[in-house]
file work-v2.tsv (TSV, N, CA and C atoms)
chain	number	residue	atom	x	y	z
A	1	MET	N	45.90	87.44	64.38
A	1	MET	CA	46.97	86.48	64.58
A	1	MET	C	46.37	85.24	65.23
A	2	THR	N	46.64	84.08	64.66
A	2	THR	CA	46.12	82.84	65.22
A	2	THR	C	46.94	82.44	66.43
A	3	GLU	N	46.42	81.48	67.19
A	3	GLU	CA	47.15	81.00	68.37
A	3	GLU	C	48.49	80.41	67.95
A	4	ARG	N	48.50	79.69	66.84
A	4	ARG	CA	49.75	79.10	66.34
A	4	ARG	C	50.75	80.19	65.98
A	5	ASP	N	50.29	81.26	65.30
A	5	ASP	CA	51.17	82.37	64.94
A	5	ASP	C	51.73	83.05	66.17
A	6	ALA	N	50.90	83.22	67.19
A	6	ALA	CA	51.35	83.86	68.42
A	6	ALA	C	52.45	83.04	69.09
A	7	ALA	N	52.33	81.72	69.02
A	7	ALA	CA	53.34	80.86	69.62
A	7	ALA	C	54.66	80.96	68.87
A	8	ARG	N	54.60	81.30	67.60
A	8	ARG	CA	55.81	81.40	66.78
A	8	ARG	C	56.37	82.83	66.72
A	9	ALA	N	55.69	83.75	67.35
A	9	ALA	CA	56.17	85.13	67.34
A	9	ALA	C	57.48	85.21	68.11
A	10	LEU	N	58.41	85.98	67.59
A	10	LEU	CA	59.72	86.13	68.22
A	10	LEU	C	59.78	87.41	69.03
A	11	ALA	N	60.49	87.37	70.14
A	11	ALA	CA	60.62	88.54	71.00
A	11	ALA	C	61.62	89.53	70.39
A	12	HIS	N	61.19	90.79	70.32
A	12	HIS	CA	62.04	91.88	69.83
A	12	HIS	C	61.97	93.00	70.85
A	13	PRO	N	63.06	93.70	71.07
A	13	PRO	CA	62.96	94.85	71.97
A	13	PRO	C	62.17	95.97	71.30
A	14	GLU	N	61.39	96.67	72.09
A	14	GLU	CA	60.75	97.89	71.61
A	14	GLU	C	61.86	98.90	71.34
A	15	ALA	N	61.60	99.89	70.52
A	15	ALA	CA	62.62	100.88	70.19
A	15	ALA	C	63.23	101.50	71.46
A	16	ALA	N	62.39	101.78	72.45
A	16	ALA	CA	62.89	102.39	73.69
A	16	ALA	C	63.84	101.47	74.45
A	17	GLY	N	63.77	100.17	74.18
A	17	GLY	CA	64.62	99.21	74.87
A	17	GLY	C	65.92	98.90	74.15
A	18	ILE	N	66.11	99.46	72.97
A	18	ILE	CA	67.34	99.22	72.21
A	18	ILE	C	68.45	100.08	72.81
A	19	ARG	N	69.56	99.46	73.13
A	19	ARG	CA	70.68	100.15	73.77
A	19	ARG	C	71.88	100.20	72.83
A	20	LEU	N	72.59	101.30	72.86
A	20	LEU	CA	73.75	101.50	72.01
A	20	LEU	C	74.78	100.39	72.20
A	21	GLU	N	75.06	100.02	73.44
A	21	GLU	CA	76.07	98.99	73.67
A	21	GLU	C	75.67	97.64	73.08
A	22	GLY	N	74.37	97.34	73.07
A	22	GLY	CA	73.89	96.10	72.46
A	22	GLY	C	74.03	96.12	70.95
A	23	VAL	N	73.72	97.25	70.35
A	23	VAL	CA	73.85	97.40	68.90
A	23	VAL	C	75.32	97.30	68.50
A	24	LEU	N	76.18	98.01	69.22
A	24	LEU	CA	77.62	97.96	68.91
A	24	LEU	C	78.17	96.56	69.08
A	25	HIS	N	77.73	95.86	70.12
A	25	HIS	CA	78.17	94.47	70.31
A	25	HIS	C	77.73	93.61	69.13
A	26	ALA	N	76.48	93.76	68.73
A	26	ALA	CA	75.97	92.96	67.61
A	26	ALA	C	76.74	93.23	66.33
A	27	LEU	N	77.08	94.49	66.09
A	27	LEU	CA	77.78	94.86	64.86
A	27	LEU	C	79.28	94.59	64.92
A	28	SER	N	79.81	94.25	66.09
A	28	SER	CA	81.25	94.05	66.23
A	28	SER	C	81.75	92.72	65.70
A	29	ASP	N	80.85	91.79	65.47
A	29	ASP	CA	81.25	90.47	64.97
A	29	ASP	C	81.23	90.47	63.44
A	30	PRO	N	82.29	89.95	62.81
A	30	PRO	CA	82.34	89.97	61.33
A	30	PRO	C	81.19	89.23	60.65
A	31	VAL	N	80.74	88.13	61.23
A	31	VAL	CA	79.63	87.38	60.62
A	31	VAL	C	78.35	88.19	60.71
A	32	ARG	N	78.09	88.75	61.88
A	32	ARG	CA	76.86	89.56	62.03
A	32	ARG	C	76.92	90.81	61.18
A	33	LEU	N	78.08	91.43	61.08
A	33	LEU	CA	78.23	92.60	60.23
A	33	LEU	C	77.96	92.24	58.77
A	34	SER	N	78.42	91.08	58.36
A	34	SER	CA	78.15	90.60	57.00
A	34	SER	C	76.65	90.44	56.76
A	35	ILE	N	75.95	89.91	57.73
A	35	ILE	CA	74.50	89.75	57.63
A	35	ILE	C	73.84	91.12	57.47
A	36	VAL	N	74.24	92.07	58.30
A	36	VAL	CA	73.66	93.41	58.25
A	36	VAL	C	73.96	94.07	56.91
A	37	ARG	N	75.17	93.90	56.40
A	37	ARG	CA	75.51	94.48	55.09
A	37	ARG	C	74.63	93.90	54.00
A	38	ASP	N	74.41	92.59	54.04
A	38	ASP	CA	73.53	91.95	53.04
A	38	ASP	C	72.10	92.46	53.16
A	39	LEU	N	71.62	92.58	54.40
A	39	LEU	CA	70.25	93.09	54.59
A	39	LEU	C	70.13	94.53	54.12
A	40	ASP	N	71.15	95.32	54.36
A	40	ASP	CA	71.12	96.72	53.95
A	40	ASP	C	71.07	96.84	52.42
A	41	GLY	N	71.67	95.90	51.74
A	41	GLY	CA	71.69	95.93	50.28
A	41	GLY	C	70.47	95.29	49.64
A	42	SER	N	69.54	94.80	50.45
A	42	SER	CA	68.38	94.10	49.93
A	42	SER	C	67.14	94.98	49.99
A	43	ALA	N	66.30	94.89	48.98
A	43	ALA	CA	65.07	95.67	48.94
A	43	ALA	C	63.97	95.03	49.77
A	44	SER	N	64.16	93.78	50.19
A	44	SER	CA	63.12	93.10	50.96
A	44	SER	C	63.77	92.24	52.04
A	45	ALA	N	62.94	91.71	52.92
A	45	ALA	CA	63.43	90.83	53.97
A	45	ALA	C	64.01	89.56	53.35
A	46	LEU	N	65.02	89.01	54.01
A	46	LEU	CA	65.70	87.82	53.50
A	46	LEU	C	65.56	86.65	54.47
A	47	ALA	N	65.41	85.47	53.91
A	47	ALA	CA	65.36	84.26	54.72
A	47	ALA	C	66.75	83.94	55.27
A	48	CYS	N	66.79	83.32	56.43
A	48	CYS	CA	68.07	82.93	57.02
A	48	CYS	C	68.89	82.08	56.05
A	49	SER	N	68.22	81.25	55.28
A	49	SER	CA	68.91	80.37	54.34
A	49	SER	C	69.50	81.12	53.15
A	50	SER	N	69.19	82.40	53.00
A	50	SER	CA	69.73	83.21	51.90
A	50	SER	C	71.19	83.57	52.08
A	51	PHE	N	71.67	83.46	53.29
A	51	PHE	CA	73.01	83.94	53.62
A	51	PHE	C	74.02	82.80	53.53
A	52	GLU	N	75.13	83.08	52.86
A	52	GLU	CA	76.23	82.13	52.80
A	52	GLU	C	77.23	82.55	53.88
A	53	LEU	N	77.21	81.82	54.98
A	53	LEU	CA	78.06	82.18	56.11
A	53	LEU	C	79.04	81.06	56.41
A	54	PRO	N	80.24	81.41	56.86
A	54	PRO	CA	81.29	80.40	57.09
A	54	PRO	C	81.19	79.75	58.47
A	55	VAL	N	79.96	79.51	58.94
A	55	VAL	CA	79.76	78.93	60.26
A	55	VAL	C	78.68	77.86	60.18
A	56	THR	N	78.56	77.07	61.24
A	56	THR	CA	77.55	76.02	61.28
A	56	THR	C	76.15	76.60	61.40
A	57	LYS	N	75.15	75.77	61.18
A	57	LYS	CA	73.76	76.22	61.26
A	57	LYS	C	73.44	76.71	62.68
A	58	SER	N	73.92	76.00	63.69
A	58	SER	CA	73.62	76.43	65.06
A	58	SER	C	74.30	77.77	65.38
A	59	THR	N	75.49	78.00	64.86
A	59	THR	CA	76.17	79.28	65.07
A	59	THR	C	75.46	80.38	64.29
A	60	THR	N	74.97	80.07	63.11
A	60	THR	CA	74.18	81.04	62.34
A	60	THR	C	72.95	81.46	63.13
A	61	THR	N	72.27	80.48	63.72
A	61	THR	CA	71.09	80.77	64.55
A	61	THR	C	71.46	81.71	65.70
A	62	HIS	N	72.59	81.46	66.32
A	62	HIS	CA	73.07	82.32	67.41
A	62	HIS	C	73.28	83.75	66.92
A	63	HIS	N	73.92	83.92	65.78
A	63	HIS	CA	74.18	85.26	65.26
A	63	HIS	C	72.88	86.02	64.97
A	64	PHE	N	71.90	85.34	64.38
A	64	PHE	CA	70.62	85.99	64.12
A	64	PHE	C	69.92	86.36	65.42
A	65	ARG	N	70.03	85.51	66.43
A	65	ARG	CA	69.42	85.80	67.73
A	65	ARG	C	70.04	87.04	68.35
A	66	VAL	N	71.37	87.16	68.29
A	66	VAL	CA	72.04	88.34	68.83
A	66	VAL	C	71.57	89.60	68.10
A	67	LEU	N	71.47	89.53	66.79
A	67	LEU	CA	71.01	90.69	66.01
A	67	LEU	C	69.57	91.05	66.37
A	68	ARG	N	68.72	90.04	66.54
A	68	ARG	CA	67.31	90.30	66.88
A	68	ARG	C	67.19	90.85	68.29
A	69	GLU	N	67.85	90.24	69.25
A	69	GLU	CA	67.71	90.66	70.65
A	69	GLU	C	68.34	92.03	70.91
A	70	SER	N	69.29	92.43	70.08
A	70	SER	CA	69.90	93.76	70.24
A	70	SER	C	69.07	94.84	69.55
A	71	GLY	N	68.10	94.43	68.73
A	71	GLY	CA	67.25	95.38	68.03
A	71	GLY	C	67.74	95.77	66.66
A	72	VAL	N	68.74	95.10	66.14
A	72	VAL	CA	69.28	95.44	64.82
A	72	VAL	C	68.39	94.90	63.71
A	73	VAL	N	67.83	93.72	63.90
A	73	VAL	CA	66.95	93.13	62.88
A	73	VAL	C	65.61	92.76	63.49
A	74	ARG	N	64.63	92.65	62.61
A	74	ARG	CA	63.32	92.13	62.99
A	74	ARG	C	63.15	90.82	62.23
A	75	GLN	N	62.76	89.78	62.95
A	75	GLN	CA	62.54	88.47	62.34
A	75	GLN	C	61.06	88.13	62.42
A	76	THR	N	60.54	87.63	61.31
A	76	THR	CA	59.15	87.20	61.25
A	76	THR	C	59.07	85.88	60.51
A	77	TYR	N	58.08	85.10	60.87
A	77	TYR	CA	57.86	83.84	60.17
A	77	TYR	C	56.91	84.05	59.01
A	78	ARG	N	57.24	83.44	57.89
A	78	ARG	CA	56.32	83.32	56.76
A	78	ARG	C	56.31	81.84	56.45
A	79	GLY	N	55.25	81.18	56.92
A	79	GLY	CA	55.22	79.72	56.84
A	79	GLY	C	56.30	79.17	57.75
A	80	THR	N	57.19	78.36	57.20
A	80	THR	CA	58.29	77.80	57.99
A	80	THR	C	59.58	78.59	57.83
A	81	THR	N	59.52	79.64	57.03
A	81	THR	CA	60.71	80.45	56.76
A	81	THR	C	60.78	81.63	57.72
A	82	LYS	N	61.95	81.85	58.26
A	82	LYS	CA	62.17	83.01	59.12
A	82	LYS	C	62.80	84.10	58.27
A	83	LEU	N	62.09	85.24	58.15
A	83	LEU	CA	62.56	86.37	57.36
A	83	LEU	C	63.22	87.41	58.26
A	84	ASN	N	64.23	88.05	57.73
A	84	ASN	CA	65.01	89.04	58.47
A	84	ASN	C	64.99	90.37	57.75
A	85	ALA	N	64.72	91.43	58.51
A	85	ALA	CA	64.72	92.79	57.95
A	85	ALA	C	65.49	93.69	58.91
A	86	LEU	N	66.27	94.56	58.34
A	86	LEU	CA	67.04	95.53	59.11
A	86	LEU	C	66.08	96.57	59.70
A	87	ARG	N	66.26	96.92	60.95
A	87	ARG	CA	65.42	97.93	61.61
A	87	ARG	C	66.04	99.32	61.42
A	88	ARG	N	66.32	99.63	60.18
A	88	ARG	CA	67.06	100.83	59.81
A	88	ARG	C	66.42	102.11	60.35
A	89	GLU	N	65.14	102.28	60.12
A	89	GLU	CA	64.48	103.53	60.53
A	89	GLU	C	64.56	103.72	62.04
A	90	GLU	N	64.30	102.67	62.79
A	90	GLU	CA	64.35	102.77	64.25
A	90	GLU	C	65.77	103.06	64.73
A	91	LEU	N	66.75	102.38	64.13
A	91	LEU	CA	68.14	102.62	64.52
A	91	LEU	C	68.58	104.04	64.18
A	92	GLU	N	68.15	104.52	63.03
A	92	GLU	CA	68.50	105.89	62.63
A	92	GLU	C	67.90	106.92	63.58
A	93	GLU	N	66.68	106.68	64.00
A	93	GLU	CA	66.03	107.60	64.94
A	93	GLU	C	66.74	107.59	66.30
A	94	LEU	N	67.13	106.42	66.75
A	94	LEU	CA	67.77	106.30	68.06
A	94	LEU	C	69.22	106.76	68.05
A	95	PHE	N	69.95	106.38	66.99
A	95	PHE	CA	71.39	106.64	66.90
A	95	PHE	C	71.71	107.22	65.52
A	96	PRO	N	71.40	108.49	65.31
A	96	PRO	CA	71.55	109.10	63.98
A	96	PRO	C	72.96	108.89	63.38
A	97	GLY	N	72.98	108.34	62.18
A	97	GLY	CA	74.22	108.16	61.45
A	97	GLY	C	75.04	106.94	61.82
A	98	LEU	N	74.69	106.26	62.90
A	98	LEU	CA	75.51	105.13	63.37
A	98	LEU	C	75.58	104.01	62.33
A	99	LEU	N	74.44	103.54	61.88
A	99	LEU	CA	74.43	102.42	60.96
A	99	LEU	C	75.14	102.77	59.66
A	100	ASP	N	74.86	103.94	59.12
A	100	ASP	CA	75.54	104.35	57.88
A	100	ASP	C	77.05	104.44	58.09
A	101	SER	N	77.48	104.96	59.24
A	101	SER	CA	78.92	105.06	59.52
A	101	SER	C	79.58	103.69	59.60
A	102	VAL	N	78.92	102.78	60.29
A	102	VAL	CA	79.47	101.42	60.43
A	102	VAL	C	79.53	100.73	59.07
A	103	LEU	N	78.47	100.85	58.28
A	103	LEU	CA	78.45	100.19	56.97
A	103	LEU	C	79.46	100.81	56.01
A	104	THR	N	79.64	102.13	56.07
A	104	THR	CA	80.64	102.79	55.24
A	104	THR	C	82.04	102.34	55.64
A	105	ALA	N	82.29	102.27	56.94
A	105	ALA	CA	83.59	101.81	57.43
A	105	ALA	C	83.86	100.36	57.04
A	106	ALA	N	82.84	99.52	57.10
A	106	ALA	CA	82.99	98.12	56.73
A	106	ALA	C	83.32	97.98	55.24
A	107	ALA	N	82.67	98.77	54.40
A	107	ALA	CA	82.95	98.73	52.96
A	107	ALA	C	84.37	99.22	52.68
A	108	ALA	N	84.80	100.27	53.39
A	108	ALA	CA	86.16	100.79	53.21
A	108	ALA	C	87.19	99.76	53.65
A	109	GLU	N	86.91	99.07	54.75
A	109	GLU	CA	87.84	98.05	55.21
A	109	GLU	C	87.93	96.90	54.21
A	110	GLU	N	86.79	96.49	53.68
A	110	GLU	CA	86.78	95.41	52.69
A	110	GLU	C	87.61	95.79	51.47
A	111	ALA	N	87.48	97.02	50.99
A	111	ALA	CA	88.25	97.49	49.84
A	111	ALA	C	89.74	97.54	50.16
A	112	ARG	N	90.06	98.02	51.36
A	112	ARG	CA	91.46	98.11	51.77
A	112	ARG	C	92.09	96.72	51.84
A	113	LEU	N	91.39	95.76	52.41
A	113	LEU	CA	91.92	94.40	52.54
A	113	LEU	C	92.04	93.73	51.18
A	114	ALA	N	91.13	94.04	50.27
A	114	ALA	CA	91.22	93.49	48.91
A	114	ALA	C	92.47	94.02	48.21
A	115	GLU	N	92.78	95.29	48.42
A	115	GLU	CA	94.00	95.87	47.83
A	115	GLU	C	95.24	95.20	48.40
A	116	VAL	N	95.23	94.96	49.70
A	116	VAL	CA	96.39	94.32	50.34
A	116	VAL	C	96.58	92.91	49.78
A	117	ARG	N	95.49	92.17	49.62
A	117	ARG	CA	95.58	90.81	49.08
A	117	ARG	C	96.04	90.81	47.63
A	118	ALA	N	95.66	91.84	46.87
A	118	ALA	CA	96.00	91.90	45.45
A	118	ALA	C	97.40	92.44	45.20
A	119	ALA	N	97.99	93.10	46.18
A	119	ALA	CA	99.33	93.69	45.99
A	119	ALA	C	100.37	92.57	45.84
A	120	PRO	N	101.32	92.78	44.91
A	120	PRO	CA	102.39	91.79	44.76
A	120	PRO	C	103.23	91.74	46.03
A	121	GLU	N	103.81	90.59	46.30
A	121	GLU	CA	104.67	90.46	47.48
A	121	GLU	C	105.87	91.38	47.35
A	122	GLY	N	106.31	91.88	48.48
A	122	GLY	CA	107.48	92.74	48.50
A	122	GLY	C	107.12	94.21	48.44
A	123	PHE	N	105.88	94.54	48.28
A	123	PHE	CA	105.46	95.95	48.22
A	123	PHE	C	104.81	96.37	49.49
call {"tool": "encode", "arguments": {"input": "work-v2.tsv", "output": "C-alpha cells"}}
result
Amino acid sequence: MTERDAARALAHPEAAGIRLEGVLHALSDPVRLSIVRDLDGSASALACSSFELPVTKSTTTHHFRVLRESGVVRQTYRGTTKLNALRREELEELFPGLLDSVLTAAAAEEARLAEVRAAPEGF
C-alpha cells in the first residue's frame, strides 16, 4: 500500500468491534436498508454513484458512513471511486440469521405496500 493509499484508507470496525445495536440502528433507516438490499443483490462491490437515492449527495455520504462505521459495509477506493461491499460473512458469524431476516422482512413489507397501493379505493 502506498502512502497515498494509506491516507485514503477508510476506518472500519474489526469484527469484534461490531455491535448489534449499531447494526440494527444502521438497518433501521429506509435509505440505508435500500442500500443494503441493493448490495445484497449484487455479485460485486458497487460504487456510491450506482445507487439512486431520494436524498442529497451529502446525506448519501452520511448514510454510507453510518453503514461503514456500524460494520455493515466495507468501503474501499478504486482510483477516485468508493466501492461498497456488504460484510455478509462477518455479520452472519456475529449475528446468525439477522441479515437474512431483516432482508426477508423488508422484501415482504415492500410487497405488502405494493398490494396496498394497487388495491382499488374502498377495499
call {"tool": "residues_around", "arguments": {"input": "work-v2.tsv", "residues": "Ala11 in chain A", "least_positions_apart": "4", "cutoff": "8 Å", "atoms": "all atoms listed in the file", "output": "list in words"}}
result
Arg68, Glu69 and Gln75 of chain A
call {"tool": "atom_distance", "arguments": {"input": "work-v2.tsv", "atom1": "atom C of Ala47 in chain A", "atom2": "atom C of Ala108 in chain A"}}
result
25.9 Å
call {"tool": "atom_distance", "arguments": {"input": "work-v2.tsv", "atom1": "atom N of Asp29 in chain A", "atom2": "atom N of Val116 in chain A"}}
result
21.6 Å
call {"tool": "residues_around", "arguments": {"input": "work-v2.tsv", "residues": "range 91-98 of chain A", "least_positions_apart": "2", "cutoff": "12 Å", "atoms": "only C-alpha atoms", "output": "PDB file with N, CA and C atoms, keeping the file's coordinate frame"}}
result
ATOM      1  N   PRO A  13      63.060  93.700  71.070  1.00  0.00           N
ATOM      2  CA  PRO A  13      62.960  94.850  71.970  1.00  0.00           C
ATOM      3  C   PRO A  13      62.170  95.970  71.300  1.00  0.00           C
ATOM      4  N   GLU A  14      61.390  96.670  72.090  1.00  0.00           N
ATOM      5  CA  GLU A  14      60.750  97.890  71.610  1.00  0.00           C
ATOM      6  C   GLU A  14      61.860  98.900  71.340  1.00  0.00           C
ATOM      7  N   ALA A  15      61.600  99.890  70.520  1.00  0.00           N
ATOM      8  CA  ALA A  15      62.620 100.880  70.190  1.00  0.00           C
ATOM      9  C   ALA A  15      63.230 101.500  71.460  1.00  0.00           C
ATOM     10  N   ALA A  16      62.390 101.780  72.450  1.00  0.00           N
ATOM     11  CA  ALA A  16      62.890 102.390  73.690  1.00  0.00           C
ATOM     12  C   ALA A  16      63.840 101.470  74.450  1.00  0.00           C
ATOM     13  N   GLY A  17      63.770 100.170  74.180  1.00  0.00           N
ATOM     14  CA  GLY A  17      64.620  99.210  74.870  1.00  0.00           C
ATOM     15  C   GLY A  17      65.920  98.900  74.150  1.00  0.00           C
ATOM     16  N   ILE A  18      66.110  99.460  72.970  1.00  0.00           N
ATOM     17  CA  ILE A  18      67.340  99.220  72.210  1.00  0.00           C
ATOM     18  C   ILE A  18      68.450 100.080  72.810  1.00  0.00           C
ATOM     19  N   ARG A  19      69.560  99.460  73.130  1.00  0.00           N
ATOM     20  CA  ARG A  19      70.680 100.150  73.770  1.00  0.00           C
ATOM     21  C   ARG A  19      71.880 100.200  72.830  1.00  0.00           C
ATOM     22  N   LEU A  20      72.590 101.300  72.860  1.00  0.00           N
ATOM     23  CA  LEU A  20      73.750 101.500  72.010  1.00  0.00           C
ATOM     24  C   LEU A  20      74.780 100.390  72.200  1.00  0.00           C
ATOM     25  N   GLU A  21      75.060 100.020  73.440  1.00  0.00           N
ATOM     26  CA  GLU A  21      76.070  98.990  73.670  1.00  0.00           C
ATOM     27  C   GLU A  21      75.670  97.640  73.080  1.00  0.00           C
ATOM     28  N   GLY A  22      74.370  97.340  73.070  1.00  0.00           N
ATOM     29  CA  GLY A  22      73.890  96.100  72.460  1.00  0.00           C
ATOM     30  C   GLY A  22      74.030  96.120  70.950  1.00  0.00           C
ATOM     31  N   VAL A  23      73.720  97.250  70.350  1.00  0.00           N
ATOM     32  CA  VAL A  23      73.850  97.400  68.900  1.00  0.00           C
ATOM     33  C   VAL A  23      75.320  97.300  68.500  1.00  0.00           C
ATOM     34  N   LEU A  24      76.180  98.010  69.220  1.00  0.00           N
ATOM     35  CA  LEU A  24      77.620  97.960  68.910  1.00  0.00           C
ATOM     36  C   LEU A  24      78.170  96.560  69.080  1.00  0.00           C
ATOM     37  N   LEU A  27      77.080  94.490  66.090  1.00  0.00           N
ATOM     38  CA  LEU A  27      77.780  94.860  64.860  1.00  0.00           C
ATOM     39  C   LEU A  27      79.280  94.590  64.920  1.00  0.00           C
ATOM     40  N   SER A  70      69.290  92.430  70.080  1.00  0.00           N
ATOM     41  CA  SER A  70      69.900  93.760  70.240  1.00  0.00           C
ATOM     42  C   SER A  70      69.070  94.840  69.550  1.00  0.00           C
ATOM     43  N   GLY A  71      68.100  94.430  68.730  1.00  0.00           N
ATOM     44  CA  GLY A  71      67.250  95.380  68.030  1.00  0.00           C
ATOM     45  C   GLY A  71      67.740  95.770  66.660  1.00  0.00           C
ATOM     46  N   VAL A  72      68.740  95.100  66.140  1.00  0.00           N
ATOM     47  CA  VAL A  72      69.280  95.440  64.820  1.00  0.00           C
ATOM     48  C   VAL A  72      68.390  94.900  63.710  1.00  0.00           C
ATOM     49  N   VAL A  73      67.830  93.720  63.900  1.00  0.00           N
ATOM     50  CA  VAL A  73      66.950  93.130  62.880  1.00  0.00           C
ATOM     51  C   VAL A  73      65.610  92.760  63.490  1.00  0.00           C
ATOM     52  N   ARG A  74      64.630  92.650  62.610  1.00  0.00           N
ATOM     53  CA  ARG A  74      63.320  92.130  62.990  1.00  0.00           C
ATOM     54  C   ARG A  74      63.150  90.820  62.230  1.00  0.00           C
ATOM     55  N   LEU A  86      66.270  94.560  58.340  1.00  0.00           N
ATOM     56  CA  LEU A  86      67.040  95.530  59.110  1.00  0.00           C
ATOM     57  C   LEU A  86      66.080  96.570  59.700  1.00  0.00           C
ATOM     58  N   ARG A  87      66.260  96.920  60.950  1.00  0.00           N
ATOM     59  CA  ARG A  87      65.420  97.930  61.610  1.00  0.00           C
ATOM     60  C   ARG A  87      66.040  99.320  61.420  1.00  0.00           C
ATOM     61  N   ARG A  88      66.320  99.630  60.180  1.00  0.00           N
ATOM     62  CA  ARG A  88      67.060 100.830  59.810  1.00  0.00           C
ATOM     63  C   ARG A  88      66.420 102.110  60.350  1.00  0.00           C
ATOM     64  N   GLU A  89      65.140 102.280  60.120  1.00  0.00           N
ATOM     65  CA  GLU A  89      64.480 103.530  60.530  1.00  0.00           C
ATOM     66  C   GLU A  89      64.560 103.720  62.040  1.00  0.00           C
ATOM     67  N   ASP A 100      74.860 103.940  59.120  1.00  0.00           N
ATOM     68  CA  ASP A 100      75.540 104.350  57.880  1.00  0.00           C
ATOM     69  C   ASP A 100      77.050 104.440  58.090  1.00  0.00           C
ATOM     70  N   SER A 101      77.480 104.960  59.240  1.00  0.00           N
ATOM     71  CA  SER A 101      78.920 105.060  59.520  1.00  0.00           C
ATOM     72  C   SER A 101      79.580 103.690  59.600  1.00  0.00           C
ATOM     73  N   VAL A 102      78.920 102.780  60.290  1.00  0.00           N
ATOM     74  CA  VAL A 102      79.470 101.420  60.430  1.00  0.00           C
ATOM     75  C   VAL A 102      79.530 100.730  59.070  1.00  0.00           C
ATOM     76  N   LEU A 103      78.470 100.850  58.280  1.00  0.00           N
ATOM     77  CA  LEU A 103      78.450 100.190  56.970  1.00  0.00           C
ATOM     78  C   LEU A 103      79.460 100.810  56.010  1.00  0.00           C
ATOM     79  N   THR A 104      79.640 102.130  56.070  1.00  0.00           N
ATOM     80  CA  THR A 104      80.640 102.790  55.240  1.00  0.00           C
ATOM     81  C   THR A 104      82.040 102.340  55.640  1.00  0.00           C
ATOM     82  N   ALA A 105      82.290 102.270  56.940  1.00  0.00           N
ATOM     83  CA  ALA A 105      83.590 101.810  57.430  1.00  0.00           C
ATOM     84  C   ALA A 105      83.860 100.360  57.040  1.00  0.00           C
TER      85      ALA A 105
END
call {"tool": "axis_aligned_box", "arguments": {"input": "work-v2.tsv", "around": "range 49-57 of chain A", "padding_each_side": "6 Å", "output": "JSON"}}
result
{"center_x": 74.8, "center_y": 79.9, "center_z": 57.3, "size_x": 25.1, "size_y": 20.2, "size_z": 22.8}
call {"tool": "select_by_dssp", "arguments": {"input": "work-v2.tsv", "residues": "range 13-117 of chain A", "states": "helix (DSSP H, G or I)", "output": "MDAnalysis selection string"}}
result
chainID A and resid 15:17 20:27 30:40 48:50 57:70 88:94 98:117
call {"tool": "closest_residue", "arguments": {"input": "work-v2.tsv", "among": "A:Lys57, A:His12, A:Val66, A:Phe51", "to": "Ala26 in chain A", "atoms": "only N, CA and C atoms"}}
result
A:Val66
call {"tool": "select_by_dssp", "arguments": {"input": "work-v2.tsv", "residues": "range 2-121 of chain A", "states": "strand (DSSP E)", "output": "number ranges by chain"}}
result
A: 46-47, 73-78, 81-86
call {"tool": "write_last_selection", "arguments": {"input": "work-v2.tsv", "atoms": "N, CA and C atoms", "output": "compact mmCIF listing (two decimals), in the frame of the given file"}}
result
# COMPACT_ATOMS: atom_id res chain seq x y z
N LEU A 46 65.02 89.01 54.01
CA LEU A 46 65.70 87.82 53.50
C LEU A 46 65.56 86.65 54.47
N ALA A 47 65.41 85.47 53.91
CA ALA A 47 65.36 84.26 54.72
C ALA A 47 66.75 83.94 55.27
N VAL A 73 67.83 93.72 63.90
CA VAL A 73 66.95 93.13 62.88
C VAL A 73 65.61 92.76 63.49
N ARG A 74 64.63 92.65 62.61
CA ARG A 74 63.32 92.13 62.99
C ARG A 74 63.15 90.82 62.23
N GLN A 75 62.76 89.78 62.95
CA GLN A 75 62.54 88.47 62.34
C GLN A 75 61.06 88.13 62.42
N THR A 76 60.54 87.63 61.31
CA THR A 76 59.15 87.20 61.25
C THR A 76 59.07 85.88 60.51
N TYR A 77 58.08 85.10 60.87
CA TYR A 77 57.86 83.84 60.17
C TYR A 77 56.91 84.05 59.01
N ARG A 78 57.24 83.44 57.89
CA ARG A 78 56.32 83.32 56.76
C ARG A 78 56.31 81.84 56.45
N THR A 81 59.52 79.64 57.03
CA THR A 81 60.71 80.45 56.76
C THR A 81 60.78 81.63 57.72
N LYS A 82 61.95 81.85 58.26
CA LYS A 82 62.17 83.01 59.12
C LYS A 82 62.80 84.10 58.27
N LEU A 83 62.09 85.24 58.15
CA LEU A 83 62.56 86.37 57.36
C LEU A 83 63.22 87.41 58.26
N ASN A 84 64.23 88.05 57.73
CA ASN A 84 65.01 89.04 58.47
C ASN A 84 64.99 90.37 57.75
N ALA A 85 64.72 91.43 58.51
CA ALA A 85 64.72 92.79 57.95
C ALA A 85 65.49 93.69 58.91
N LEU A 86 66.27 94.56 58.34
CA LEU A 86 67.04 95.53 59.11
C LEU A 86 66.08 96.57 59.70
call {"tool": "closest_residue", "arguments": {"input": "work-v2.tsv", "among": "A:Val31, A:Ala43, A:Val36, A:Ala85", "to": "Thr56 in chain A", "atoms": "only C-alpha atoms"}}
result
A:Val31
call {"tool": "residues_around", "arguments": {"input": "work-v2.tsv", "residues": "Thr60 in chain A", "least_positions_apart": "4", "cutoff": "9 Å", "atoms": "only C-alpha atoms", "output": "count of residues only"}}
result
9
call {"tool": "atom_distance", "arguments": {"input": "work-v2.tsv", "atom1": "atom N of Tyr77 in chain A", "atom2": "CA of Ser42 in chain A"}}
result
17.5 Å
call {"tool": "closest_residue", "arguments": {"input": "work-v2.tsv", "among": "A:Leu83, A:Glu90, A:Leu10, A:Glu110", "to": "Ser44 in chain A", "atoms": "only C-alpha atoms"}}
result
A:Leu83
